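Here is model-v9.cif, consisting of mmCIF, C-alpha atoms:
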data_structure
#
loop_
_atom_site.label_atom_id
_atom_site.label_comp_id
_atom_site.auth_asym_id
_atom_site.auth_seq_id
_atom_site.Cartn_x
_atom_site.Cartn_y
_atom_site.Cartn_z
CA MET H 1 84.69 14.22 4.94
CA THR H 2 82.93 11.06 3.81
CA THR H 3 82.45 10.91 0.04
CA ALA H 4 79.06 10.70 -1.64
CA LYS H 5 79.88 7.21 -2.89
CA GLU H 6 80.65 6.02 0.62
CA LEU H 7 77.45 7.54 1.99
CA LEU H 8 75.40 5.92 -0.77
CA LYS H 9 77.03 2.57 -0.05
CA GLN H 10 76.12 2.95 3.61
CA ARG H 11 72.53 3.68 2.65
CA TYR H 12 71.99 1.03 -0.01
CA TYR H 13 74.72 -1.62 0.19
CA LEU H 14 75.10 -2.24 3.91
CA PRO H 15 71.48 -3.43 4.43
CA ILE H 16 71.91 -6.20 1.83
CA LYS H 17 72.23 -9.61 3.45
CA GLU H 18 74.76 -12.25 2.46
CA GLN H 19 72.11 -14.99 2.18
CA PRO H 20 68.62 -13.49 2.42
CA GLY H 21 65.38 -15.42 2.32
CA LEU H 22 63.16 -14.74 -0.66
CA PHE H 23 60.14 -12.64 0.19
CA VAL H 24 57.80 -10.68 -2.05
CA GLY H 25 56.87 -7.08 -1.32
CA ILE H 26 54.04 -5.70 -3.45
CA GLU H 27 52.66 -2.17 -3.74
CA LEU H 28 49.56 -1.49 -5.83
CA GLU H 29 48.24 1.98 -6.66
CA TYR H 30 44.73 2.50 -8.01
CA PRO H 31 42.91 5.59 -9.26
CA VAL H 32 39.60 6.33 -7.54
CA VAL H 33 37.34 7.01 -10.52
CA ASN H 34 34.05 8.87 -10.54
CA LEU H 35 31.78 6.68 -12.69
CA SER H 36 29.87 9.71 -14.02
CA GLY H 37 33.08 11.00 -15.63
CA ASN H 38 33.33 13.96 -13.28
CA ALA H 39 36.06 14.74 -10.79
CA THR H 40 36.81 12.29 -8.00
CA ASP H 41 35.05 13.42 -4.84
CA VAL H 42 37.96 13.81 -2.43
CA SER H 43 35.61 14.25 0.53
CA LEU H 44 34.40 10.73 -0.27
CA THR H 45 37.91 9.27 -0.46
CA LYS H 46 38.81 10.86 2.89
CA GLN H 47 35.63 9.44 4.40
CA LEU H 48 36.53 6.00 3.00
CA LEU H 49 39.52 5.74 5.33
CA ILE H 50 37.37 6.72 8.32
CA TYR H 51 34.85 4.06 7.24
CA LEU H 52 37.59 1.42 7.25
CA ILE H 53 38.70 2.48 10.73
CA ASP H 54 35.18 2.48 12.13
CA ASN H 55 34.00 -0.78 10.58
CA PHE H 56 36.99 -3.06 10.00
CA GLY H 57 39.46 -2.35 12.77
CA PHE H 58 42.14 -0.54 10.79
CA LYS H 59 44.34 1.80 12.79
CA ALA H 60 45.22 5.29 11.59
CA ASP H 61 49.00 5.52 11.22
CA LYS H 62 49.40 9.01 9.71
CA PHE H 63 47.24 12.14 9.48
CA ASP H 64 47.23 15.19 7.22
CA SER H 65 47.37 18.75 8.53
CA ASP H 66 43.54 18.80 8.72
CA ASN H 67 43.69 15.70 10.96
CA ASN H 68 42.25 13.39 8.28
CA PRO H 69 43.74 9.87 8.38
CA ILE H 70 45.93 9.40 5.29
CA GLN H 71 47.57 6.06 6.09
CA LEU H 72 46.00 3.05 7.78
CA ILE H 73 47.61 -0.12 9.07
CA GLU H 74 46.02 -3.54 9.30
CA GLN H 75 47.55 -4.67 12.54
CA ALA H 76 47.47 -8.45 12.04
CA SER H 77 49.37 -8.38 8.72
CA GLY H 78 51.16 -5.03 8.79
CA ASP H 79 49.60 -4.09 5.43
CA MET H 80 48.98 -0.39 4.82
CA ILE H 81 46.26 1.42 2.89
CA LEU H 82 47.13 5.01 2.10
CA PHE H 83 46.75 7.97 -0.20
CA GLU H 84 49.55 8.18 -2.76
CA VAL H 85 50.48 11.82 -3.51
CA SER H 86 46.83 12.96 -3.89
CA TYR H 87 43.44 12.05 -2.44
CA ASN H 88 42.53 10.56 -5.85
CA THR H 89 44.82 7.52 -5.51
CA ILE H 90 44.66 4.63 -3.05
CA GLU H 91 47.78 2.54 -2.50
CA PHE H 92 47.94 -0.90 -0.95
CA ALA H 93 51.41 -1.46 0.52
CA PHE H 94 51.56 -5.10 1.55
CA ALA H 95 53.88 -6.49 4.20
CA LYS H 96 56.41 -8.95 2.81
CA ALA H 97 54.99 -12.36 1.98
CA SER H 98 56.39 -15.79 1.17
CA ARG H 99 53.89 -16.41 -1.64
CA ILE H 100 51.98 -14.17 -4.04
CA ALA H 101 48.72 -15.93 -3.09
CA GLU H 102 48.98 -14.52 0.44
CA VAL H 103 48.89 -11.01 -0.98
CA GLU H 104 46.06 -11.86 -3.38
CA GLU H 105 43.90 -13.12 -0.53
CA ARG H 106 44.44 -9.95 1.49
CA LEU H 107 43.80 -7.67 -1.50
CA ASP H 108 40.53 -9.49 -2.21
CA THR H 109 39.51 -8.90 1.40
CA TYR H 110 40.30 -5.18 1.23
CA LEU H 111 38.52 -4.74 -2.11
CA SER H 112 35.42 -6.45 -0.68
CA MET H 113 35.34 -3.65 1.91
CA ILE H 114 36.25 -0.74 -0.34
CA GLN H 115 34.57 -1.29 -3.70
CA PRO H 116 30.96 -1.60 -2.39
CA TYR H 117 31.41 1.57 -0.34
CA LEU H 118 32.75 3.52 -3.33
CA ARG H 119 30.16 2.10 -5.73
CA ASN H 120 27.36 3.18 -3.41
CA HIS H 121 28.66 6.69 -4.10
CA ASN H 122 29.15 6.20 -7.87
CA HIS H 123 32.93 5.73 -7.60
CA GLU H 124 35.28 2.74 -7.75
CA LEU H 125 38.92 1.73 -7.90
CA GLN H 126 39.92 0.90 -11.48
CA GLY H 127 42.90 -0.85 -13.03
CA TRP H 128 44.50 2.00 -14.99
CA GLY H 129 47.95 3.55 -14.90
CA VAL H 130 46.43 7.03 -15.32
CA ASN H 131 43.23 8.29 -13.73
CA PRO H 132 40.75 8.62 -16.65
CA ASN H 133 39.40 11.87 -15.18
CA TRP H 134 42.79 13.40 -14.39
CA ALA H 135 41.98 16.67 -16.20
CA LYS H 136 38.86 17.27 -14.06
CA ASN H 137 40.22 16.13 -10.72
CA ASP H 138 41.50 18.22 -7.84
CA ASN H 139 45.15 17.23 -8.21
CA SER H 140 46.34 18.98 -5.07
CA PRO H 141 48.77 16.97 -2.95
CA VAL H 142 47.85 15.23 0.26
CA LYS H 143 48.35 17.77 3.03
CA SER H 144 51.51 16.26 4.47
CA PRO H 145 55.06 17.65 4.31
CA ARG H 146 56.42 14.89 2.06
CA TYR H 147 53.81 15.22 -0.67
CA GLU H 148 53.52 19.01 -0.49
CA MET H 149 57.30 19.28 -0.80
CA LEU H 150 57.34 16.86 -3.72
CA MET H 151 54.66 18.77 -5.64
CA ASP H 152 56.33 22.12 -4.96
CA PHE H 153 59.65 20.71 -6.16
CA LEU H 154 58.14 19.34 -9.37
CA GLU H 155 56.46 22.68 -10.06
CA LEU H 156 59.87 24.35 -10.32
CA SER H 157 59.80 23.21 -13.96
CA LYS H 158 57.03 25.69 -14.73
CA ALA H 159 59.43 28.61 -14.50
CA LYS H 160 62.11 27.00 -16.68
CA ASN H 161 60.71 27.81 -20.13
CA ASN H 162 62.51 24.71 -21.37
CA SER H 163 61.00 22.31 -23.92
CA PHE H 164 62.66 19.40 -22.08
CA PHE H 165 59.89 19.55 -19.48
CA HIS H 166 56.34 18.35 -20.04
CA ASN H 167 53.51 20.59 -18.83
CA TYR H 168 52.14 18.32 -16.10
CA PRO H 169 54.24 18.69 -12.94
CA GLU H 170 51.23 17.47 -10.96
CA TYR H 171 51.50 14.05 -12.64
CA GLY H 172 52.17 12.30 -9.34
CA SER H 173 48.56 12.91 -8.39
CA PHE H 174 47.14 10.88 -11.27
CA ILE H 175 49.62 8.20 -12.39
CA CYS H 176 49.48 4.77 -10.75
CA GLY H 177 51.98 1.94 -10.70
CA SER H 178 52.48 -1.67 -9.69
CA GLN H 179 55.72 -2.13 -7.78
CA VAL H 180 57.39 -5.29 -6.50
CA GLN H 181 60.37 -5.62 -4.16
CA LEU H 182 62.43 -8.80 -4.07
CA ASP H 183 65.30 -9.76 -1.79
CA VAL H 184 68.80 -9.83 -3.28
CA SER H 185 72.19 -10.77 -1.88
CA LYS H 186 75.53 -8.98 -1.93
CA ILE H 187 76.56 -11.40 -4.68
CA SER H 188 73.41 -11.17 -6.78
CA TYR H 189 72.24 -7.54 -6.59
CA LEU H 190 74.40 -6.19 -9.43
CA ARG H 191 73.52 -9.15 -11.66
CA VAL H 192 69.83 -8.45 -11.01
CA LEU H 193 70.15 -4.72 -11.73
CA ASN H 194 71.97 -5.42 -15.00
CA ALA H 195 69.68 -8.20 -16.22
CA PHE H 196 66.36 -6.56 -15.43
CA ASN H 197 67.47 -3.24 -16.88
CA GLN H 198 67.81 -4.96 -20.26
CA ILE H 199 64.22 -6.27 -20.37
CA GLU H 200 62.35 -2.97 -20.16
CA GLY H 201 61.46 -3.23 -23.86
CA PRO H 202 59.69 -6.59 -23.46
CA LYS H 203 58.07 -5.31 -20.26
CA ALA H 204 56.66 -2.36 -22.22
CA VAL H 205 55.04 -4.81 -24.61
CA LEU H 206 53.61 -6.91 -21.78
CA PHE H 207 52.47 -4.25 -19.30
CA ALA H 208 51.60 -1.04 -21.18
CA ASN H 209 48.55 0.47 -19.45
CA SER H 210 49.09 4.20 -18.93
CA GLU H 211 47.76 5.99 -21.97
CA PHE H 212 47.59 9.71 -21.21
CA TRP H 213 43.87 10.18 -21.73
CA GLY H 214 42.89 13.36 -23.55
CA SER H 215 46.37 14.02 -24.90
CA ASP H 216 47.96 13.50 -28.31
CA TRP H 217 50.87 11.48 -26.90
CA ASP H 218 51.58 8.44 -29.07
CA LEU H 219 52.28 6.35 -25.99
CA ALA H 220 50.68 3.35 -24.37
CA ILE H 221 53.06 4.02 -21.46
CA SER H 222 53.11 7.68 -20.47
CA ARG H 223 54.59 7.19 -16.97
CA ASP H 224 58.16 7.16 -18.32
CA VAL H 225 57.82 10.62 -19.85
CA PHE H 226 56.18 12.00 -16.72
CA TRP H 227 59.17 10.91 -14.62
CA GLU H 228 62.03 11.49 -17.06
CA ASN H 229 60.93 14.88 -18.42
CA SER H 230 60.25 16.40 -15.02
CA MET H 231 62.46 17.86 -12.31
CA HIS H 232 63.25 14.25 -11.37
CA GLY H 233 64.92 13.80 -14.75
CA VAL H 234 67.07 16.93 -14.84
CA PHE H 235 69.99 14.53 -14.43
CA GLU H 236 69.33 11.55 -16.68
CA GLU H 237 70.95 9.24 -14.14
CA ASN H 238 68.18 10.03 -11.66
CA ALA H 239 65.20 8.46 -13.44
CA GLY H 240 64.44 5.68 -15.88
CA ILE H 241 66.77 3.16 -17.45
CA PHE H 242 70.48 2.62 -16.94
CA PRO H 243 72.18 3.27 -20.30
CA ARG H 244 74.75 0.54 -19.81
CA VAL H 245 75.61 -2.70 -18.06
CA PHE H 246 77.57 -2.03 -14.87
CA LYS H 247 81.01 -3.64 -14.74
CA ASN H 248 81.28 -3.84 -10.97
CA GLU H 249 80.15 -2.38 -7.67
CA ASP H 250 82.29 0.73 -8.00
CA ASP H 251 80.87 1.42 -11.45
CA TYR H 252 77.32 1.22 -10.10
CA PHE H 253 77.91 3.49 -7.11
CA SER H 254 79.79 5.98 -9.30
CA TYR H 255 76.65 6.11 -11.42
CA LEU H 256 74.48 6.49 -8.32
CA SER H 257 76.62 9.43 -7.19
CA GLU H 258 75.45 11.25 -10.34
CA THR H 259 71.82 11.13 -9.10
CA ALA H 260 70.08 14.07 -7.45
CA ILE H 261 69.56 15.38 -3.96
CA PHE H 262 66.73 17.91 -3.85
CA THR H 263 65.34 17.88 -0.32
CA ALA H 264 66.55 18.21 3.25
CA LYS H 265 64.96 18.40 6.68
CA ARG H 266 65.99 20.88 9.35
CA ALA H 267 64.30 20.46 12.74
CA GLU H 268 60.63 19.92 11.83
CA GLU H 269 60.75 21.79 8.51
CA THR H 270 61.05 20.10 5.11
CA TYR H 271 62.91 22.02 2.40
CA TYR H 272 63.41 21.53 -1.33
CA PHE H 273 65.84 23.04 -3.79
CA GLU H 274 67.11 22.78 -7.35
CA PRO H 275 68.54 19.26 -7.83
CA ILE H 276 72.23 18.86 -7.05
CA ARG H 277 74.26 15.80 -8.01
CA ALA H 278 75.03 13.66 -4.97
CA LYS H 279 78.76 13.77 -5.73
CA ASP H 280 78.72 17.60 -5.66
CA TYR H 281 76.35 18.09 -2.75
CA LEU H 282 78.75 18.24 0.19
CA ASN H 283 81.06 20.63 -1.67
CA LYS H 284 78.41 23.37 -1.59
CA SER H 285 78.94 25.94 1.14
CA ALA H 286 75.25 26.89 1.17
CA ILE H 287 72.11 26.05 -0.78
CA GLN H 288 69.15 28.26 -1.61
CA ALA H 289 66.08 26.30 -0.50
CA TRP H 290 62.33 26.76 0.01
CA SER H 291 59.97 25.45 2.63
CA ILE H 292 56.53 24.09 1.75
CA HIS H 293 55.21 27.31 3.29
CA GLY H 294 57.05 29.37 0.67
CA ASN H 295 59.85 30.66 2.85
CA GLU H 296 63.23 31.01 1.17
CA VAL H 297 66.23 30.08 3.31
CA SER H 298 69.90 29.21 3.01
CA ILE H 299 70.88 25.79 4.35
CA LYS H 300 74.24 24.15 4.83
CA PRO H 301 74.60 20.65 3.31
CA SER H 302 74.96 17.80 5.77
CA GLU H 303 75.95 14.15 5.45
CA ASP H 304 72.66 13.36 7.19
CA ASP H 305 70.83 14.63 4.09
CA PHE H 306 71.92 11.46 2.31
CA LYS H 307 69.60 9.55 4.65
CA THR H 308 66.65 10.84 2.62
CA HIS H 309 68.32 10.34 -0.78
CA ARG H 310 66.12 8.57 -3.26
CA SER H 311 66.51 8.09 -7.00
CA TYR H 312 63.75 7.13 -9.41
CA GLN H 313 65.28 4.50 -11.63
CA PHE H 314 63.27 1.57 -12.99
CA GLN H 315 65.42 -0.82 -10.93
CA ASP H 316 66.12 0.72 -7.54
CA LEU H 317 68.31 -0.71 -4.82
CA THR H 318 66.41 0.07 -1.61
CA THR H 319 67.42 0.53 2.03
CA ARG H 320 65.78 -2.81 2.90
CA GLY H 321 68.19 -5.10 1.07
CA THR H 322 65.78 -5.43 -1.83
CA ILE H 323 65.52 -4.26 -5.42
CA GLU H 324 62.31 -2.44 -6.26
CA PHE H 325 61.05 -2.80 -9.81
CA ARG H 326 59.08 0.35 -10.50
CA SER H 327 58.48 0.72 -14.24
CA VAL H 328 55.13 -1.10 -14.51
CA CYS H 329 51.78 0.63 -14.84
CA THR H 330 48.87 -0.42 -12.65
CA GLN H 331 47.32 -3.40 -14.40
CA PRO H 332 43.68 -4.38 -15.01
CA PHE H 333 42.31 -6.36 -12.07
CA SER H 334 42.41 -9.51 -14.18
CA ALA H 335 46.22 -9.16 -14.35
CA THR H 336 46.92 -7.63 -10.93
CA PHE H 337 49.68 -10.05 -9.95
CA ALA H 338 51.19 -10.70 -13.37
CA PRO H 339 54.02 -8.14 -12.82
CA ALA H 340 55.00 -9.59 -9.44
CA ALA H 341 54.92 -13.14 -10.81
CA PHE H 342 56.96 -12.18 -13.90
CA HIS H 343 59.72 -10.53 -11.85
CA LEU H 344 59.75 -13.24 -9.20
CA GLY H 345 59.97 -16.04 -11.75
CA LEU H 346 62.86 -14.38 -13.56
CA LEU H 347 64.72 -13.69 -10.32
CA VAL H 348 64.43 -17.33 -9.26
CA ASN H 349 65.71 -18.31 -12.72
CA LEU H 350 68.39 -15.59 -12.88
CA GLU H 351 71.18 -17.58 -14.53
CA ARG H 352 68.89 -18.69 -17.34
CA LEU H 353 67.64 -15.12 -17.73
CA GLU H 354 71.24 -13.94 -18.14
CA ASN H 355 71.90 -16.61 -20.77
CA ILE H 356 68.77 -15.62 -22.71
CA LEU H 357 69.92 -11.99 -22.75
CA LYS H 358 73.47 -12.93 -23.75
CA ASP H 359 72.29 -15.11 -26.65
CA SER H 360 69.52 -12.85 -27.97
CA PRO H 361 70.27 -11.00 -31.24
CA PHE H 362 67.61 -8.43 -30.36
CA PHE H 363 69.82 -5.92 -28.54
CA GLU H 364 72.43 -5.71 -31.28
CA ALA H 365 69.69 -4.69 -33.71
CA PHE H 366 69.17 -1.58 -31.55
CA ASP H 367 72.85 -0.95 -30.75
CA PHE H 368 72.24 -1.92 -27.09
CA ASP H 369 70.43 1.39 -26.60
CA TYR H 370 68.20 0.37 -23.68
CA PRO H 371 66.43 3.73 -23.19
CA ARG H 372 65.62 3.89 -26.92
CA ILE H 373 64.27 0.33 -26.87
CA ARG H 374 61.97 1.11 -23.95
CA ARG H 375 60.59 4.25 -25.56
CA LEU H 376 60.05 2.58 -28.94
CA PHE H 377 58.05 -0.28 -27.44
CA SER H 378 56.04 2.07 -25.21
CA LYS H 379 54.25 3.49 -28.24
CA LYS H 380 50.61 2.85 -29.09
CA ASP H 381 51.54 1.82 -32.61
CA ILE H 382 54.51 -0.52 -32.95
CA SER H 383 55.44 -1.70 -36.42
CA ASP H 384 55.05 -5.37 -37.29
CA THR H 385 58.76 -5.41 -38.10
CA ASP H 386 59.68 -4.29 -34.58
CA LEU H 387 57.16 -6.65 -32.99
CA LYS H 388 58.67 -9.55 -34.88
CA LEU H 389 62.09 -8.55 -33.58
CA ILE H 390 61.06 -8.40 -29.91
CA PHE H 391 58.62 -11.30 -29.88
CA PRO H 392 61.13 -14.20 -29.55
CA LEU H 393 62.89 -12.49 -26.64
CA THR H 394 59.61 -11.66 -24.88
CA GLU H 395 58.36 -15.20 -25.34
CA ALA H 396 61.62 -16.65 -24.00
CA LEU H 397 61.41 -14.39 -20.94
CA LEU H 398 57.88 -15.54 -20.24
CA VAL H 399 58.89 -19.20 -20.44
CA CYS H 400 61.88 -18.45 -18.19
CA ALA H 401 59.62 -16.77 -15.61
CA GLU H 402 57.11 -19.62 -15.78
CA ASP H 403 59.80 -22.24 -15.17
CA GLY H 404 61.16 -20.19 -12.28
CA LEU H 405 57.75 -20.04 -10.65
CA LYS H 406 57.14 -23.76 -11.22
CA SER H 407 60.39 -24.50 -9.40
CA ARG H 408 58.96 -22.78 -6.31
CA GLY H 409 56.08 -25.24 -6.22
CA PHE H 410 53.33 -22.80 -5.19
CA GLY H 411 51.35 -22.75 -8.45
CA GLU H 412 52.24 -19.10 -8.99
CA GLU H 413 52.68 -19.62 -12.73
CA ILE H 414 48.90 -19.19 -13.01
CA TYR H 415 49.42 -15.43 -12.59
CA LEU H 416 51.23 -15.31 -15.95
CA ALA H 417 48.11 -16.38 -17.89
CA PRO H 418 47.16 -12.79 -18.93
CA LEU H 419 50.67 -12.29 -20.35
CA LYS H 420 50.42 -15.48 -22.38
CA GLU H 421 47.13 -14.24 -23.81
CA LYS H 422 48.69 -10.90 -24.65
CA LEU H 423 51.55 -12.55 -26.51
CA LYS H 424 49.16 -14.82 -28.38
CA ALA H 425 47.16 -11.79 -29.54
CA LEU H 426 50.35 -10.00 -30.66
CA LYS H 427 51.48 -13.01 -32.65
CA VAL H 428 48.16 -13.09 -34.50
CA GLN H 429 48.71 -9.41 -35.32
CA PHE H 430 51.86 -9.98 -37.38
CA ASP H 431 51.49 -13.61 -38.51
#
As structure tokens, how would this structure be written, given the file I've shared?
Amino acid sequence: MTTAKELLKQRYYLPIKEQPGLFVGIELEYPVVNLSGNATDVSLTKQLLIYLIDNFGFKADKFDSDNNPIQLIEQASGDMILFEVSYNTIEFAFAKASRIAEVEERLDTYLSMIQPYLRNHNHELQGWGVNPNWAKNDNSPVKSPRYEMLMDFLELSKAKNNSFFHNYPEYGSFICGSQVQLDVSKISYLRVLNAFNQIEGPKAVLFANSEFWGSDWDLAISRDVFWENSMHGVFEENAGIFPRVFKNEDDYFSYLSETAIFTAKRAEETYYFEPIRAKDYLNKSAIQAWSIHGNEVSIKPSEDDFKTHRSYQFQDLTTRGTIEFRSVCTQPFSATFAPAAFHLGLLVNLERLENILKDSPFFEAFDFDYPRIRRLFSKKDISDTDLKLIFPLTEALLVCAEDGLKSRGFGEEIYLAPLKEKLKALKVQFD
């Protein structure tokens, strides 16, 4: 029998190229907000996709069980516009690009189609990491097996009576993120995972934009809690930050084998079950599982189930030979491409980034506790003392990213301007 570690290596390591080109893959999720403060009209959002098909030549790529289009493809570019988990969130999944400006141009085109249509109906896409009207919205999942399974799985926490879990298993229907995927090599991927895992504190300072409206959470970034204190976080290895620097490839894949498997497909049916560590999965003789139609069955684990394995860490090695950076909230439209530019600039300047991290006294002050650092700097109110501690590191990272982008020669450093303004405002706060 093949071990879990070997199966995970096949899934995530084998696709990595020895000498890849450097492309940028960007995914942007936006809440559709009702401007009157009421619930998002999901009949309107469904009609929006039909409007795009009828008027702008998009092709429907996927449909829900009611035969509504839920994913469109723009055939010339390969870009996709889709619903993310619920009908309240629109995602733009852009085909890989050589330059950030290519993606910006295409987003501007799509927004020029979408925003006037929504505004004519008193709605619009807004740059928030949480839908402002989440409490009023219909947060039901998109009627497709993947999203219905996911929501059913997350709702298992309701029966746990465990204070570890938050009370919002439907969070996937109202949180929105800004993800970027960048190519890595077999030599660089572990260096990238280790380095970028250490900068989640500075990233919290730069990109916080997911206050949980209407709650008493003292957080400017709520998305971390939604992920980590849900069924996805039952095993701490499965979501969030790596607690340590990985020594080598075996160390990393040993860690990955501690992540969860919670879903399997048999014929045309999708099943979910209580999370099982990947390393233990194939040792189970049978697993109690549920279909999205509520049927309880017993299934036998299969090596093929590793083909749908997915963890939810902030730095994820993907099946495309890329690393996906997934800890950033959706940003205001004025800063849409700041996260992509920041990550890209640091990746291009990786050796300098590593030297900055090695020389910074910041981490020692927090005992190299990376999860604690992230949570502390995700708060709404950060003490001046802590801001003074993190400011030099954050500033050095921004300069490092800017120099990396300048070395590419595409003028992409302009996308960092909102982050410079943010740092300037923070400095005034504690000077």
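For the atom pair formed by CA of Ser222 (chain H) and CA of Ala425 (chain H), the distance is 22.3 Å, given to one decimal.
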Original post:
Can you list, as a PyMOL selection string, the residues that the PyMOL selection byres ((chain H and resi 302-307) around 9) selects here?
Top reply: chain H and resi 1-2+4+7-8+11+261+263-265+278+281-282+300-301+308-310
**OP:** Grab the CA of Arg374 (chain H) to CA of Met231 (chain H) distance for me, in Å with one decimal place.
**Re:** 20.4 Å
Evaluate the PyMOL selection byres ((chain H and resi 375) around 12) and record the selected residues as a PDB file with C-alpha atoms, keeping the file's coordinate frame, following the chain and residue labels used in the document.
ATOM      1  CA  GLU H 200      62.350  -2.970 -20.160  1.00  0.00           C
ATOM      2  CA  GLY H 201      61.460  -3.230 -23.860  1.00  0.00           C
ATOM      3  CA  PRO H 202      59.690  -6.590 -23.460  1.00  0.00           C
ATOM      4  CA  LYS H 203      58.070  -5.310 -20.260  1.00  0.00           C
ATOM      5  CA  ALA H 204      56.660  -2.360 -22.220  1.00  0.00           C
ATOM      6  CA  VAL H 205      55.040  -4.810 -24.610  1.00  0.00           C
ATOM      7  CA  ALA H 208      51.600  -1.040 -21.180  1.00  0.00           C
ATOM      8  CA  ASP H 218      51.580   8.440 -29.070  1.00  0.00           C
ATOM      9  CA  LEU H 219      52.280   6.350 -25.990  1.00  0.00           C
ATOM     10  CA  ALA H 220      50.680   3.350 -24.370  1.00  0.00           C
ATOM     11  CA  ILE H 221      53.060   4.020 -21.460  1.00  0.00           C
ATOM     12  CA  SER H 222      53.110   7.680 -20.470  1.00  0.00           C
ATOM     13  CA  ARG H 223      54.590   7.190 -16.970  1.00  0.00           C
ATOM     14  CA  ASP H 224      58.160   7.160 -18.320  1.00  0.00           C
ATOM     15  CA  VAL H 225      57.820  10.620 -19.850  1.00  0.00           C
ATOM     16  CA  GLU H 228      62.030  11.490 -17.060  1.00  0.00           C
ATOM     17  CA  GLY H 240      64.440   5.680 -15.880  1.00  0.00           C
ATOM     18  CA  ILE H 241      66.770   3.160 -17.450  1.00  0.00           C
ATOM     19  CA  PHE H 366      69.170  -1.580 -31.550  1.00  0.00           C
ATOM     20  CA  ASP H 369      70.430   1.390 -26.600  1.00  0.00           C
ATOM     21  CA  TYR H 370      68.200   0.370 -23.680  1.00  0.00           C
ATOM     22  CA  PRO H 371      66.430   3.730 -23.190  1.00  0.00           C
ATOM     23  CA  ARG H 372      65.620   3.890 -26.920  1.00  0.00           C
ATOM     24  CA  ILE H 373      64.270   0.330 -26.870  1.00  0.00           C
ATOM     25  CA  ARG H 374      61.970   1.110 -23.950  1.00  0.00           C
ATOM     26  CA  LEU H 376      60.050   2.580 -28.940  1.00  0.00           C
ATOM     27  CA  PHE H 377      58.050  -0.280 -27.440  1.00  0.00           C
ATOM     28  CA  SER H 378      56.040   2.070 -25.210  1.00  0.00           C
ATOM     29  CA  LYS H 379      54.250   3.490 -28.240  1.00  0.00           C
ATOM     30  CA  LYS H 380      50.610   2.850 -29.090  1.00  0.00           C
ATOM     31  CA  ASP H 381      51.540   1.820 -32.610  1.00  0.00           C
ATOM     32  CA  ILE H 382      54.510  -0.520 -32.950  1.00  0.00           C
TER      33      ILE H 382
END
8 Å per side around region 256-272 of chain H: axis-aligned box centre and edge lengths, as AutoDock Vina command-line options:
--center_x 68.6 --center_y 14.3 --center_z 1.2 --size_x 32.0 --size_y 31.5 --size_z 39.1
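As for CA of Asn68 (chain H) and CA of Pro132 (chain H), they are spaced 25.4 Å apart.
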Given the file shown, enumerate the residues that the PyMOL selection byres ((chain H and resi 275) around 6) captures and present them as a compact mmCIF listing (two decimals) with C-alpha atoms, keeping the file's coordinate frame.
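In the end it all went to part_15.txt:
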# COMPACT_ATOMS: atom_id res chain seq x y z
CA ALA H 260 70.08 14.07 -7.45
CA ILE H 261 69.56 15.38 -3.96
CA PHE H 262 66.73 17.91 -3.85
CA GLU H 274 67.11 22.78 -7.35
CA ILE H 276 72.23 18.86 -7.05
**OP:** Might you pull out every residue within 6 Å of region 169-184 of chain H, with only C-alpha atoms counted and same-chain residues fewer than 3 positions away left off, and present them as a PyMOL selection string?
**Re:** chain H and resi 22+24-30+85-86+129-131+134+139+154-155+188-189+322-326+328-330+340
